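Peer 1: Have a peek at protein03.txt (compact mmCIF, C-alpha atoms).
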```txt
# COMPACT_ATOMS: atom_id res chain seq x y z
CA MET E 1 -19.21 6.36 10.23
CA LYS E 2 -18.84 3.24 12.38
CA VAL E 3 -15.51 1.40 12.45
CA ARG E 4 -16.47 -2.12 11.29
CA LYS E 5 -13.36 -3.36 9.53
CA ALA E 6 -9.76 -4.09 10.46
CA ILE E 7 -6.55 -4.99 8.67
CA ILE E 8 -3.95 -7.15 10.41
CA PRO E 9 -0.58 -7.07 8.55
CA CYS E 10 1.27 -10.39 8.91
CA ALA E 11 3.46 -10.40 5.83
CA GLY E 12 6.97 -9.99 7.26
CA PHE E 13 9.60 -12.73 7.14
CA GLY E 14 10.27 -12.73 10.90
CA THR E 15 14.03 -12.87 10.37
CA ARG E 16 14.78 -12.21 14.04
CA PHE E 17 13.33 -15.65 14.83
CA LEU E 18 15.23 -17.70 12.27
CA PRO E 19 15.52 -20.62 11.83
CA ALA E 20 12.05 -21.20 13.35
CA THR E 21 10.33 -18.77 10.97
CA LYS E 22 11.70 -20.66 8.00
CA VAL E 23 8.89 -23.17 8.62
CA VAL E 24 6.44 -21.54 11.09
CA PRO E 25 5.08 -17.99 10.67
CA LYS E 26 5.96 -15.87 13.68
CA GLU E 27 2.29 -14.96 14.19
CA LEU E 28 1.55 -18.64 14.92
CA PHE E 29 4.13 -18.94 17.69
CA PRO E 30 2.21 -19.94 20.84
CA ILE E 31 1.97 -17.70 23.86
CA VAL E 32 1.61 -20.67 26.23
CA ASP E 33 -0.89 -22.58 24.04
CA THR E 34 -2.55 -19.84 21.99
CA PRO E 35 -1.07 -18.45 18.75
CA ALA E 36 -0.13 -14.79 19.06
CA LEU E 37 -2.40 -13.95 16.12
CA SER E 38 -5.40 -15.34 18.00
CA TYR E 39 -4.96 -12.70 20.71
CA ILE E 40 -4.89 -9.94 18.08
CA VAL E 41 -8.01 -11.23 16.30
CA GLU E 42 -9.77 -11.51 19.67
CA GLU E 43 -8.86 -7.89 20.46
CA ALA E 44 -10.45 -6.75 17.22
CA ALA E 45 -13.58 -8.86 17.75
CA GLN E 46 -14.01 -7.68 21.34
CA SER E 47 -13.73 -4.08 20.10
CA GLY E 48 -16.76 -4.45 17.84
CA ILE E 49 -14.96 -5.17 14.56
CA GLU E 50 -17.10 -7.23 12.18
CA GLU E 51 -14.70 -7.99 9.29
CA ILE E 52 -10.96 -8.61 9.32
CA LEU E 53 -8.49 -8.80 6.43
CA ILE E 54 -5.28 -10.60 7.37
CA VAL E 55 -2.49 -9.67 4.95
CA ILE E 56 0.12 -12.39 4.51
CA SER E 57 3.06 -13.00 2.17
CA PRO E 58 3.04 -15.84 -0.37
CA GLN E 59 5.20 -17.88 2.03
CA LYS E 60 2.68 -17.69 4.87
CA GLU E 61 -0.22 -19.80 3.65
CA ASP E 62 -0.05 -21.72 6.94
CA VAL E 63 -1.62 -18.73 8.69
CA LYS E 64 -4.92 -19.58 7.01
CA ARG E 65 -4.99 -23.00 8.70
CA LEU E 66 -5.55 -21.37 12.09
CA PHE E 67 -9.01 -20.29 10.98
CA ARG E 68 -10.00 -23.40 9.01
CA PRO E 69 -11.27 -26.78 10.27
CA ASN E 70 -8.77 -29.60 10.60
CA GLU E 71 -11.03 -32.51 9.69
CA ALA E 72 -8.69 -35.29 10.81
CA LEU E 73 -8.15 -33.61 14.19
CA ASN E 74 -11.87 -32.94 14.61
CA GLU E 75 -12.75 -36.55 13.86
CA GLN E 76 -10.21 -37.80 16.41
CA LEU E 77 -11.36 -35.39 19.14
CA LYS E 78 -15.01 -36.30 18.62
CA SER E 79 -14.27 -40.03 18.64
CA VAL E 80 -12.70 -39.83 22.13
CA GLY E 81 -15.19 -37.32 23.55
CA LYS E 82 -12.78 -34.41 23.97
CA GLN E 83 -15.38 -31.64 23.69
CA LEU E 84 -13.29 -28.87 25.27
CA GLU E 85 -10.37 -29.60 22.97
CA TYR E 86 -12.76 -29.70 20.01
CA GLU E 87 -14.06 -26.24 20.90
CA LEU E 88 -10.53 -24.87 21.26
CA ALA E 89 -9.57 -26.27 17.86
CA ASN E 90 -12.66 -24.75 16.23
CA LYS E 91 -12.83 -21.40 18.00
CA ASP E 92 -15.46 -19.03 16.64
CA TYR E 93 -14.03 -15.52 16.81
CA GLY E 94 -17.35 -13.94 15.90
CA VAL E 95 -15.94 -12.02 12.93
CA LYS E 96 -15.67 -12.57 9.20
CA ILE E 97 -12.02 -13.28 8.31
CA SER E 98 -10.53 -13.03 4.84
CA PHE E 99 -6.99 -12.91 3.49
CA GLY E 100 -4.93 -10.74 1.19
CA VAL E 101 -1.40 -11.26 -0.11
CA GLN E 102 1.43 -8.73 -0.19
CA GLU E 103 3.52 -9.97 -3.10
CA LYS E 104 6.44 -7.59 -2.55
CA MET E 105 7.97 -6.62 0.80
CA ASN E 106 7.83 -2.87 0.18
CA GLY E 107 6.99 -1.54 3.62
CA ASN E 108 4.38 -1.54 6.35
CA GLY E 109 2.60 1.30 4.58
CA MET E 110 2.14 -0.46 1.27
CA VAL E 111 0.83 -3.58 2.98
CA LEU E 112 -2.35 -1.58 3.61
CA MET E 113 -2.79 -0.98 -0.12
CA VAL E 114 -3.63 -4.68 -0.37
CA GLY E 115 -6.75 -3.86 1.65
CA ARG E 116 -7.90 -0.80 -0.29
CA GLU E 117 -10.79 -2.58 -1.99
CA PHE E 118 -11.68 -4.36 1.27
CA VAL E 119 -11.90 -1.03 3.11
CA GLY E 120 -13.66 1.04 0.45
CA ASP E 121 -14.60 4.44 1.86
CA GLU E 122 -14.98 3.24 5.45
CA PRO E 123 -12.74 3.99 8.43
CA PHE E 124 -10.80 0.96 9.60
CA ALA E 125 -8.58 -0.32 12.38
CA VAL E 126 -5.02 -1.54 11.89
CA LEU E 127 -3.53 -4.02 14.34
CA PHE E 128 0.05 -4.95 13.60
CA GLY E 129 0.90 -8.59 14.18
CA ASP E 130 4.05 -7.85 16.20
CA ASP E 131 2.11 -6.30 19.08
CA VAL E 132 0.03 -8.22 21.62
CA MET E 133 -1.86 -6.04 24.10
CA TYR E 134 -3.03 -7.18 27.52
CA THR E 135 -5.67 -4.94 29.10
CA GLY E 136 -7.17 -7.13 31.83
CA GLU E 137 -10.49 -5.64 32.91
CA LYS E 138 -10.00 -2.51 30.80
CA ALA E 139 -11.40 -2.10 27.28
CA PRO E 140 -9.31 -3.64 24.48
CA VAL E 141 -6.84 -1.22 22.92
CA THR E 142 -8.68 -1.08 19.60
CA LYS E 143 -11.91 -0.18 21.45
CA GLN E 144 -10.04 2.59 23.28
CA LEU E 145 -8.97 3.99 19.90
CA ILE E 146 -12.46 3.65 18.42
CA ASP E 147 -13.78 5.66 21.36
CA ALA E 148 -11.16 8.34 20.62
CA TYR E 149 -12.14 8.29 16.93
CA GLU E 150 -15.74 8.96 17.89
CA LYS E 151 -14.80 11.64 20.42
CA THR E 152 -12.77 13.56 17.81
CA GLY E 153 -15.57 13.41 15.25
CA GLY E 154 -14.09 10.72 13.02
CA LYS E 155 -10.43 11.70 12.83
CA THR E 156 -7.40 9.46 12.28
CA ILE E 157 -6.17 8.03 15.58
CA VAL E 158 -2.63 6.83 16.31
CA GLY E 159 -2.35 4.47 19.29
CA CYS E 160 0.50 5.64 21.49
CA GLN E 161 2.28 5.09 24.77
CA CYS E 162 5.27 6.77 26.44
CA PRO E 163 7.97 4.06 26.49
CA PRO E 164 11.62 4.49 27.53
CA GLU E 165 13.77 6.56 25.19
CA GLU E 166 15.67 3.57 23.80
CA ILE E 167 12.37 2.15 22.52
CA ALA E 168 11.11 5.52 21.29
CA ARG E 169 14.16 5.94 19.08
CA ARG E 170 13.25 2.77 17.20
CA CYS E 171 9.68 3.94 16.51
CA GLY E 172 7.59 6.84 15.21
CA VAL E 173 7.45 9.74 17.68
CA MET E 174 4.63 12.29 17.63
CA VAL E 175 5.08 15.99 17.00
CA VAL E 176 2.17 17.20 19.11
CA GLY E 177 -0.22 20.14 19.18
CA ASN E 178 -3.13 20.88 21.49
CA SER E 179 -4.58 18.33 23.90
CA VAL E 180 -8.24 17.30 23.73
CA ASP E 181 -8.05 15.62 27.15
CA ASP E 182 -5.52 13.71 29.22
CA LYS E 183 -5.45 10.86 26.66
CA ILE E 184 -6.04 12.50 23.26
CA THR E 185 -3.60 14.96 21.67
CA GLU E 186 -3.42 16.64 18.27
CA VAL E 187 -0.65 15.30 16.01
CA ARG E 188 1.14 17.73 13.69
CA GLY E 189 3.65 15.25 12.36
CA ILE E 190 5.53 12.03 13.08
CA ILE E 191 9.30 11.55 13.10
CA GLU E 192 10.32 7.98 12.38
CA LYS E 193 13.32 6.74 14.39
CA PRO E 194 14.44 10.24 15.45
CA LYS E 195 18.18 10.90 15.83
CA ALA E 196 17.88 14.35 17.42
CA ALA E 197 15.94 15.32 20.54
CA LEU E 198 12.58 13.55 20.83
CA PRO E 199 9.71 15.87 19.82
CA SER E 200 7.47 14.34 22.51
CA LYS E 201 7.12 11.26 24.69
CA LEU E 202 4.24 9.84 22.63
CA VAL E 203 5.30 6.90 20.47
CA SER E 204 3.28 5.01 17.85
CA LEU E 205 2.94 1.37 18.95
CA GLY E 206 1.10 -0.84 16.50
CA ARG E 207 -2.56 0.24 16.66
CA TYR E 208 -4.44 2.75 14.48
CA ILE E 209 -7.86 3.91 13.38
CA LEU E 210 -7.48 5.22 9.84
CA THR E 211 -9.78 6.99 7.42
CA SER E 212 -9.78 6.06 3.75
CA ASP E 213 -7.84 9.19 2.75
CA ILE E 214 -4.73 7.44 4.07
CA PHE E 215 -4.47 5.59 0.74
CA ASP E 216 -3.78 8.82 -1.18
CA MET E 217 -1.13 9.72 1.38
CA LEU E 218 0.50 6.29 1.05
CA GLN E 219 0.95 6.93 -2.68
CA LYS E 220 2.58 10.30 -1.91
CA ALA E 221 4.77 9.14 0.99
CA PRO E 222 8.54 8.96 0.46
CA VAL E 223 10.14 5.65 -0.46
CA LYS E 224 13.02 4.84 1.89
CA SER E 225 15.30 1.96 0.88
CA GLY E 226 12.48 0.54 -1.21
CA GLU E 227 9.87 0.79 1.57
CA VAL E 228 6.95 3.08 2.41
CA TYR E 229 6.22 3.62 6.10
CA LEU E 230 2.69 4.09 7.41
CA THR E 231 3.89 6.73 9.87
CA ASP E 232 5.22 8.86 6.99
CA ALA E 233 1.81 8.74 5.29
CA ILE E 234 0.04 9.64 8.55
CA SER E 235 2.51 12.51 9.05
CA LEU E 236 1.65 13.84 5.58
CA LEU E 237 -2.04 13.57 6.43
CA ALA E 238 -1.51 15.51 9.65
CA GLU E 239 0.38 18.27 7.85
CA LYS E 240 -2.20 18.59 5.05
CA THR E 241 -5.45 18.24 7.01
CA GLY E 242 -4.79 18.55 10.74
CA ASN E 243 -7.13 15.59 11.22
CA VAL E 244 -4.77 13.29 13.12
CA TYR E 245 -4.77 12.64 16.87
CA ALA E 246 -2.75 10.48 19.24
CA CYS E 247 -4.55 8.40 21.84
CA GLU E 248 -2.47 7.21 24.77
CA PHE E 249 -3.91 3.75 25.39
CA GLU E 250 -3.84 1.70 28.58
CA ALA E 251 -2.34 -1.77 28.15
CA ARG E 252 0.65 -3.98 28.83
CA ARG E 253 2.19 -4.12 25.38
CA TYR E 254 4.33 -7.06 24.29
CA ASP E 255 6.60 -6.57 21.30
CA ILE E 256 6.59 -10.17 20.11
CA GLY E 257 8.69 -9.18 17.11
CA ASN E 258 11.77 -9.57 19.29
CA LYS E 259 12.87 -12.53 21.40
CA GLN E 260 12.72 -10.88 24.81
CA GLY E 261 9.26 -9.43 24.21
CA PHE E 262 7.97 -12.82 23.09
CA LEU E 263 9.42 -14.59 26.13
CA GLU E 264 8.01 -11.93 28.47
CA ALA E 265 4.57 -12.48 26.95
CA ALA E 266 4.81 -16.26 27.37
CA ILE E 267 5.91 -16.02 30.99
CA GLU E 268 3.41 -13.35 32.04
CA TYR E 269 0.45 -14.96 30.32
CA ALA E 270 1.34 -18.25 32.01
CA LEU E 271 1.57 -16.55 35.41
CA ARG E 272 -1.95 -15.18 34.92
CA ARG E 273 -3.35 -18.70 34.65
CA ASP E 274 -4.45 -20.31 37.92
CA GLU E 275 -3.36 -23.81 36.95
CA MET E 276 0.18 -22.67 36.09
CA ARG E 277 0.94 -19.80 38.45
CA ASP E 278 2.21 -21.66 41.52
CA GLY E 279 4.33 -24.20 39.70
CA LEU E 280 5.89 -21.66 37.35
CA THR E 281 6.55 -19.18 40.17
CA ALA E 282 8.29 -21.87 42.21
CA TYR E 283 10.37 -22.88 39.19
CA LEU E 284 11.44 -19.29 38.43
CA LYS E 285 12.43 -18.71 42.06
CA SER E 286 14.45 -21.93 42.09
CA LEU E 287 16.54 -21.13 39.03
CA LYS E 288 20.28 -21.17 39.56
CA LEU E 289 21.89 -20.71 36.18
CA ASP E 290 25.63 -21.08 35.59
```
Go ahead and render the structure in this file as structure tokens.
Peer 2:
Amino acid sequence: MKVRKAIIPCAGFGTRFLPATKVVPKELFPIVDTPALSYIVEEAAQSGIEEILIVISPQKEDVKRLFRPNEALNEQLKSVGKQLEYELANKDYGVKISFGVQEKMNGNGMVLMVGREFVGDEPFAVLFGDDVMYTGEKAPVTKQLIDAYEKTGGKTIVGCQCPPEEIARRCGVMVVGNSVDDKITEVRGIIEKPKAALPSKLVSLGRYILTSDIFDMLQKAPVKSGEVYLTDAISLLAEKTGNVYACEFEARRYDIGNKQGFLEAAIEYALRRDEMRDGLTAYLKSLKLD
């Protein structure tokens, strides 16, 4: 079955960016001049996704404004002939976008339950809002995972990389089985934030292709401090069915959920732009901080 739908969870409070996130959702923070969420929606659209459900919290209604016309702004831009700016303000992502609301902050697993009716019996992509992926000329990360889904005959795919150990210990680490090829590996379980020796180098990093049976696993997954983790549900699925695989994707990943990751994204995206590269490079080289 074709992967046509995606869920983008954006319901968290963004407490690591207070006080800014008291008034502006973290997903709307600009990477140079483009909201982080725009990059994630573009990744989904460029991967062939046709419908997206963005899951927000009740406090994040402002997220919807990114995808709706601003009539006063449009009128002003048209009146002064700013066509390029008008097009930027009214970007057509080429996908159908709708919204769901997670009323209770009960984990990144339960946020997907908001999309159960949206998904139905279809497979779907999940793109977490804290992760922006730059792939350059390569296929978008979600497309890489869709290709792995098709290669494995429609199995659940966990997007992974092999980051340094200090990052791995903050994430879900794969317990691996047999390899399909140099990028795709059988998953027998996932250990969230392991304290003991790492079971492998493969770490779950914010991108998934899931089948609809994940919803039953979410209802059976353990509740930890009031939260249900998606990786625990996927681990249960792997143990019960054996139908879970890791795909090591190719991308420069930015963890924009923390300050350094966000700043790295802003700097590197700016340096990729011809009109900014020389000036910003000269400025960075000239810095002499006390």
Peer 1: Enter the distance from atom CA of E:Phe99 to atom CA of E:Lys26, in Å, rounded to one decimal.
Peer 2: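 Atom-to-atom, atom CA of E:Phe99 and atom CA of E:Lys26 are spaced 16.7 Å apart.
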Peer 1: If I take atom CA of E:Pro140 and atom CA of E:Pro9, how far is one from the other in Å, to one decimal?
Peer 2: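 Result for atom CA of E:Pro140 versus atom CA of E:Pro9: 18.5 Å, one decimal.
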Peer 1: For atom CA of E:Gly226 and atom CA of E:Val175, quote the distance in Å rounded to one decimal.
Peer 2: 25.0 Å
Peer 1: Would you give me, as a tab-separated table, each residue of stretch 24-107 of chain E having an atom within 12 Å of an atom of stretch 218-225 of chain E, along with its shortest atom pair and that distance in Å to one decimal, using only C-alpha atoms and sorting by chain and residue number?
Peer 2:
```
residue	atom	partner	partner_atom	distance
E:Met105	CA	E:Ser225	CA	11.3
E:Asn106	CA	E:Val223	CA	8.9
E:Gly107	CA	E:Val223	CA	8.8
```
Peer 1: Given all atoms listed in the file as the basis, pick out the residue of E:Ala6, E:Leu284, E:Leu66, E:Leu127 nearest to E:Asp92.
Peer 2: E:Leu66
Peer 1: Closest to E:Lys143 among E:Val244, E:Ala44, E:Leu77, E:Leu287, using only C-alpha atoms?
Peer 2: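 Smallest distance to E:Lys143 is found for E:Ala44.
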Peer 1: So, counting all atoms listed in the file, which residue among E:Thr34, E:Gln161, E:Gln260, E:Ser286 is closest to E:Phe17?
Peer 2: E:Gln260
Peer 1: E:Tyr134, E:Gln83, E:Ile157, E:Lys91: which is nearest E:Glu268, counting only C-alpha atoms?
Peer 2: E:Tyr134
Peer 1: Determine, counting all atoms listed in the file, which protein, DNA and RNA residues have an atom within 9 Å of an atom of stretch 280-282 of chain E; residues of the same chain fewer than 5 positions away are not included. Present the result as a list in words.
Peer 2: Ile267, Ala270, Leu271 and Leu287 of chain E
Peer 1: If you keep C-alpha atoms, can you produce a file of those selected residues as a PDB file, in the coordinates of the input?
Peer 2:
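Printed below is part.pdb as written:
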```
ATOM      1  CA  ILE E 267       5.910 -16.020  30.990  1.00  0.00           C
ATOM      2  CA  ALA E 270       1.340 -18.250  32.010  1.00  0.00           C
ATOM      3  CA  LEU E 271       1.570 -16.550  35.410  1.00  0.00           C
ATOM      4  CA  LEU E 287      16.540 -21.130  39.030  1.00  0.00           C
TER       5      LEU E 287
END
```
Peer 1: Which residues are close to E:Ala45, i.e. within 8 Å by only C-alpha atoms, leaving aside same-chain residues fewer than 6 positions away? Reply as a list in words.
Peer 2: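 The filter keeps Tyr93, Gly94 and Val95 of chain E.
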Peer 1: Using only C-alpha atoms - which residues lie no farther than 10 Å from the point (-13.8, -2.2, 9.5) in the file's frame? Write them as a PyMOL selection string.
Peer 2: chain E and resi 2-7+44+48-53+118-120+122-126+209-210
Peer 1: Output the selection as a PDB file, in the coordinates of the input - C-alpha atoms for each residue.
Peer 2:
```pdb
ATOM      1  CA  LYS E   2     -18.840   3.240  12.380  1.00  0.00           C
ATOM      2  CA  VAL E   3     -15.510   1.400  12.450  1.00  0.00           C
ATOM      3  CA  ARG E   4     -16.470  -2.120  11.290  1.00  0.00           C
ATOM      4  CA  LYS E   5     -13.360  -3.360   9.530  1.00  0.00           C
ATOM      5  CA  ALA E   6      -9.760  -4.090  10.460  1.00  0.00           C
ATOM      6  CA  ILE E   7      -6.550  -4.990   8.670  1.00  0.00           C
ATOM      7  CA  ALA E  44     -10.450  -6.750  17.220  1.00  0.00           C
ATOM      8  CA  GLY E  48     -16.760  -4.450  17.840  1.00  0.00           C
ATOM      9  CA  ILE E  49     -14.960  -5.170  14.560  1.00  0.00           C
ATOM     10  CA  GLU E  50     -17.100  -7.230  12.180  1.00  0.00           C
ATOM     11  CA  GLU E  51     -14.700  -7.990   9.290  1.00  0.00           C
ATOM     12  CA  ILE E  52     -10.960  -8.610   9.320  1.00  0.00           C
ATOM     13  CA  LEU E  53      -8.490  -8.800   6.430  1.00  0.00           C
ATOM     14  CA  PHE E 118     -11.680  -4.360   1.270  1.00  0.00           C
ATOM     15  CA  VAL E 119     -11.900  -1.030   3.110  1.00  0.00           C
ATOM     16  CA  GLY E 120     -13.660   1.040   0.450  1.00  0.00           C
ATOM     17  CA  GLU E 122     -14.980   3.240   5.450  1.00  0.00           C
ATOM     18  CA  PRO E 123     -12.740   3.990   8.430  1.00  0.00           C
ATOM     19  CA  PHE E 124     -10.800   0.960   9.600  1.00  0.00           C
ATOM     20  CA  ALA E 125      -8.580  -0.320  12.380  1.00  0.00           C
ATOM     21  CA  VAL E 126      -5.020  -1.540  11.890  1.00  0.00           C
ATOM     22  CA  ILE E 209      -7.860   3.910  13.380  1.00  0.00           C
ATOM     23  CA  LEU E 210      -7.480   5.220   9.840  1.00  0.00           C
TER      24      LEU E 210
END
```
Peer 1: Residues near E:Glu150, anyone? I mean within 9 Å using only C-alpha atoms, not counting same-chain ones fewer than 4 positions away, as a CSV table (one decimal) with C-alpha atoms, in the frame of the given file.
Peer 2:
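The new file part34.csv reads:
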```csv
chain,number,residue,atom,x,y,z
E,1,MET,CA,-19.2,6.4,10.2
E,2,LYS,CA,-18.8,3.2,12.4
E,145,LEU,CA,-9.0,4.0,19.9
E,146,ILE,CA,-12.5,3.6,18.4
E,154,GLY,CA,-14.1,10.7,13.0
E,155,LYS,CA,-10.4,11.7,12.8
```
Peer 1: Residues near E:Ala139, anyone? I mean within 9 Å using all atoms listed in the file, not counting same-chain ones fewer than 4 positions away, as a PyMOL selection string.
Peer 2: chain E and resi 46-47+135+143-144+250
Peer 1: For a quick check of understanding, using all atoms listed in the file, which of E:Arg277, E:Arg272, E:Arg188, E:Arg207 has the smallest distance to E:Leu237?
Peer 2: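 Smallest separation from E:Leu237 among the options: E:Arg188.
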Peer 1: Quick one: residues within 10 Å of E:Gly257, only C-alpha atoms, excluding same-chain residues fewer than 6 positions away - as number ranges by chain?
Peer 2: E: 14-17, 26-27, 129-132
Peer 1: Under the rule that only C-alpha atoms are counted, which of E:Ile214, E:Val173, E:Cys162, E:Ile256 is the nearest residue to E:Asn243?
Peer 2: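 With only C-alpha atoms as the atom set, the closest residue is E:Ile214.
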Peer 1: Could you give me, as a ChimeraX atom specification, the residues that have an atom at most 6 Å away from the point (-2.8, -9.6, -0.8) in the coordinates of the file, using only C-alpha atoms?
Peer 2: /E:55,100-102,114
Peer 1: Can you take the partial stretch 102-115 of chain E, add N, CA, C and O atoms, and return it as a PDB file, keeping the file's coordinate frame?
Peer 2:
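Listed below is the output, selection20.pdb:
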```pdb
ATOM      1  N   GLN E 102       0.462  -9.752   0.210  1.00  0.00           N
ATOM      2  CA  GLN E 102       1.430  -8.730  -0.190  1.00  0.00           C
ATOM      3  C   GLN E 102       2.549  -9.435  -0.950  1.00  0.00           C
ATOM      4  O   GLN E 102       3.349 -10.164  -0.368  1.00  0.00           O
ATOM      5  N   GLU E 103       2.575  -9.238  -2.250  1.00  0.00           N
ATOM      6  CA  GLU E 103       3.520  -9.970  -3.100  1.00  0.00           C
ATOM      7  C   GLU E 103       4.950  -9.476  -2.922  1.00  0.00           C
ATOM      8  O   GLU E 103       5.901 -10.249  -3.024  1.00  0.00           O
ATOM      9  N   LYS E 104       5.110  -8.185  -2.648  1.00  0.00           N
ATOM     10  CA  LYS E 104       6.440  -7.590  -2.550  1.00  0.00           C
ATOM     11  C   LYS E 104       6.602  -6.940  -1.184  1.00  0.00           C
ATOM     12  O   LYS E 104       5.714  -6.222  -0.719  1.00  0.00           O
ATOM     13  N   MET E 105       7.725  -7.196  -0.522  1.00  0.00           N
ATOM     14  CA  MET E 105       7.970  -6.620   0.800  1.00  0.00           C
ATOM     15  C   MET E 105       8.460  -5.177   0.627  1.00  0.00           C
ATOM     16  O   MET E 105       9.652  -4.894   0.605  1.00  0.00           O
ATOM     17  N   ASN E 106       7.489  -4.264   0.450  1.00  0.00           N
ATOM     18  CA  ASN E 106       7.830  -2.870   0.180  1.00  0.00           C
ATOM     19  C   ASN E 106       7.345  -1.913   1.266  1.00  0.00           C
ATOM     20  O   ASN E 106       7.033  -0.755   1.007  1.00  0.00           O
ATOM     21  N   GLY E 107       7.253  -2.432   2.505  1.00  0.00           N
ATOM     22  CA  GLY E 107       6.990  -1.540   3.620  1.00  0.00           C
ATOM     23  C   GLY E 107       5.670  -1.761   4.303  1.00  0.00           C
ATOM     24  O   GLY E 107       4.717  -2.272   3.713  1.00  0.00           O
ATOM     25  N   ASN E 108       5.606  -1.349   5.579  1.00  0.00           N
ATOM     26  CA  ASN E 108       4.380  -1.540   6.350  1.00  0.00           C
ATOM     27  C   ASN E 108       3.288  -0.555   5.970  1.00  0.00           C
ATOM     28  O   ASN E 108       2.159  -0.664   6.441  1.00  0.00           O
ATOM     29  N   GLY E 109       3.631   0.417   5.120  1.00  0.00           N
ATOM     30  CA  GLY E 109       2.600   1.300   4.580  1.00  0.00           C
ATOM     31  C   GLY E 109       1.913   0.664   3.389  1.00  0.00           C
ATOM     32  O   GLY E 109       0.680   0.606   3.307  1.00  0.00           O
ATOM     33  N   MET E 110       2.707   0.107   2.489  1.00  0.00           N
ATOM     34  CA  MET E 110       2.140  -0.460   1.270  1.00  0.00           C
ATOM     35  C   MET E 110       1.363  -1.739   1.533  1.00  0.00           C
ATOM     36  O   MET E 110       0.508  -2.130   0.727  1.00  0.00           O
ATOM     37  N   VAL E 111       1.622  -2.397   2.664  1.00  0.00           N
ATOM     38  CA  VAL E 111       0.830  -3.580   2.980  1.00  0.00           C
ATOM     39  C   VAL E 111      -0.651  -3.217   3.089  1.00  0.00           C
ATOM     40  O   VAL E 111      -1.535  -4.031   2.760  1.00  0.00           O
ATOM     41  N   LEU E 112      -0.944  -1.987   3.494  1.00  0.00           N
ATOM     42  CA  LEU E 112      -2.350  -1.580   3.610  1.00  0.00           C
ATOM     43  C   LEU E 112      -3.013  -1.405   2.251  1.00  0.00           C
ATOM     44  O   LEU E 112      -4.246  -1.515   2.147  1.00  0.00           O
ATOM     45  N   MET E 113      -2.210  -1.130   1.217  1.00  0.00           N
ATOM     46  CA  MET E 113      -2.790  -0.980  -0.120  1.00  0.00           C
ATOM     47  C   MET E 113      -3.448  -2.270  -0.581  1.00  0.00           C
ATOM     48  O   MET E 113      -4.372  -2.237  -1.398  1.00  0.00           O
ATOM     49  N   VAL E 114      -2.992  -3.402  -0.044  1.00  0.00           N
ATOM     50  CA  VAL E 114      -3.630  -4.680  -0.370  1.00  0.00           C
ATOM     51  C   VAL E 114      -5.096  -4.661   0.067  1.00  0.00           C
ATOM     52  O   VAL E 114      -5.946  -5.315  -0.551  1.00  0.00           O
ATOM     53  N   GLY E 115      -5.393  -3.899   1.113  1.00  0.00           N
ATOM     54  CA  GLY E 115      -6.750  -3.860   1.650  1.00  0.00           C
ATOM     55  C   GLY E 115      -7.596  -2.701   1.164  1.00  0.00           C
ATOM     56  O   GLY E 115      -8.682  -2.461   1.708  1.00  0.00           O
TER      57      GLY E 115
END
```
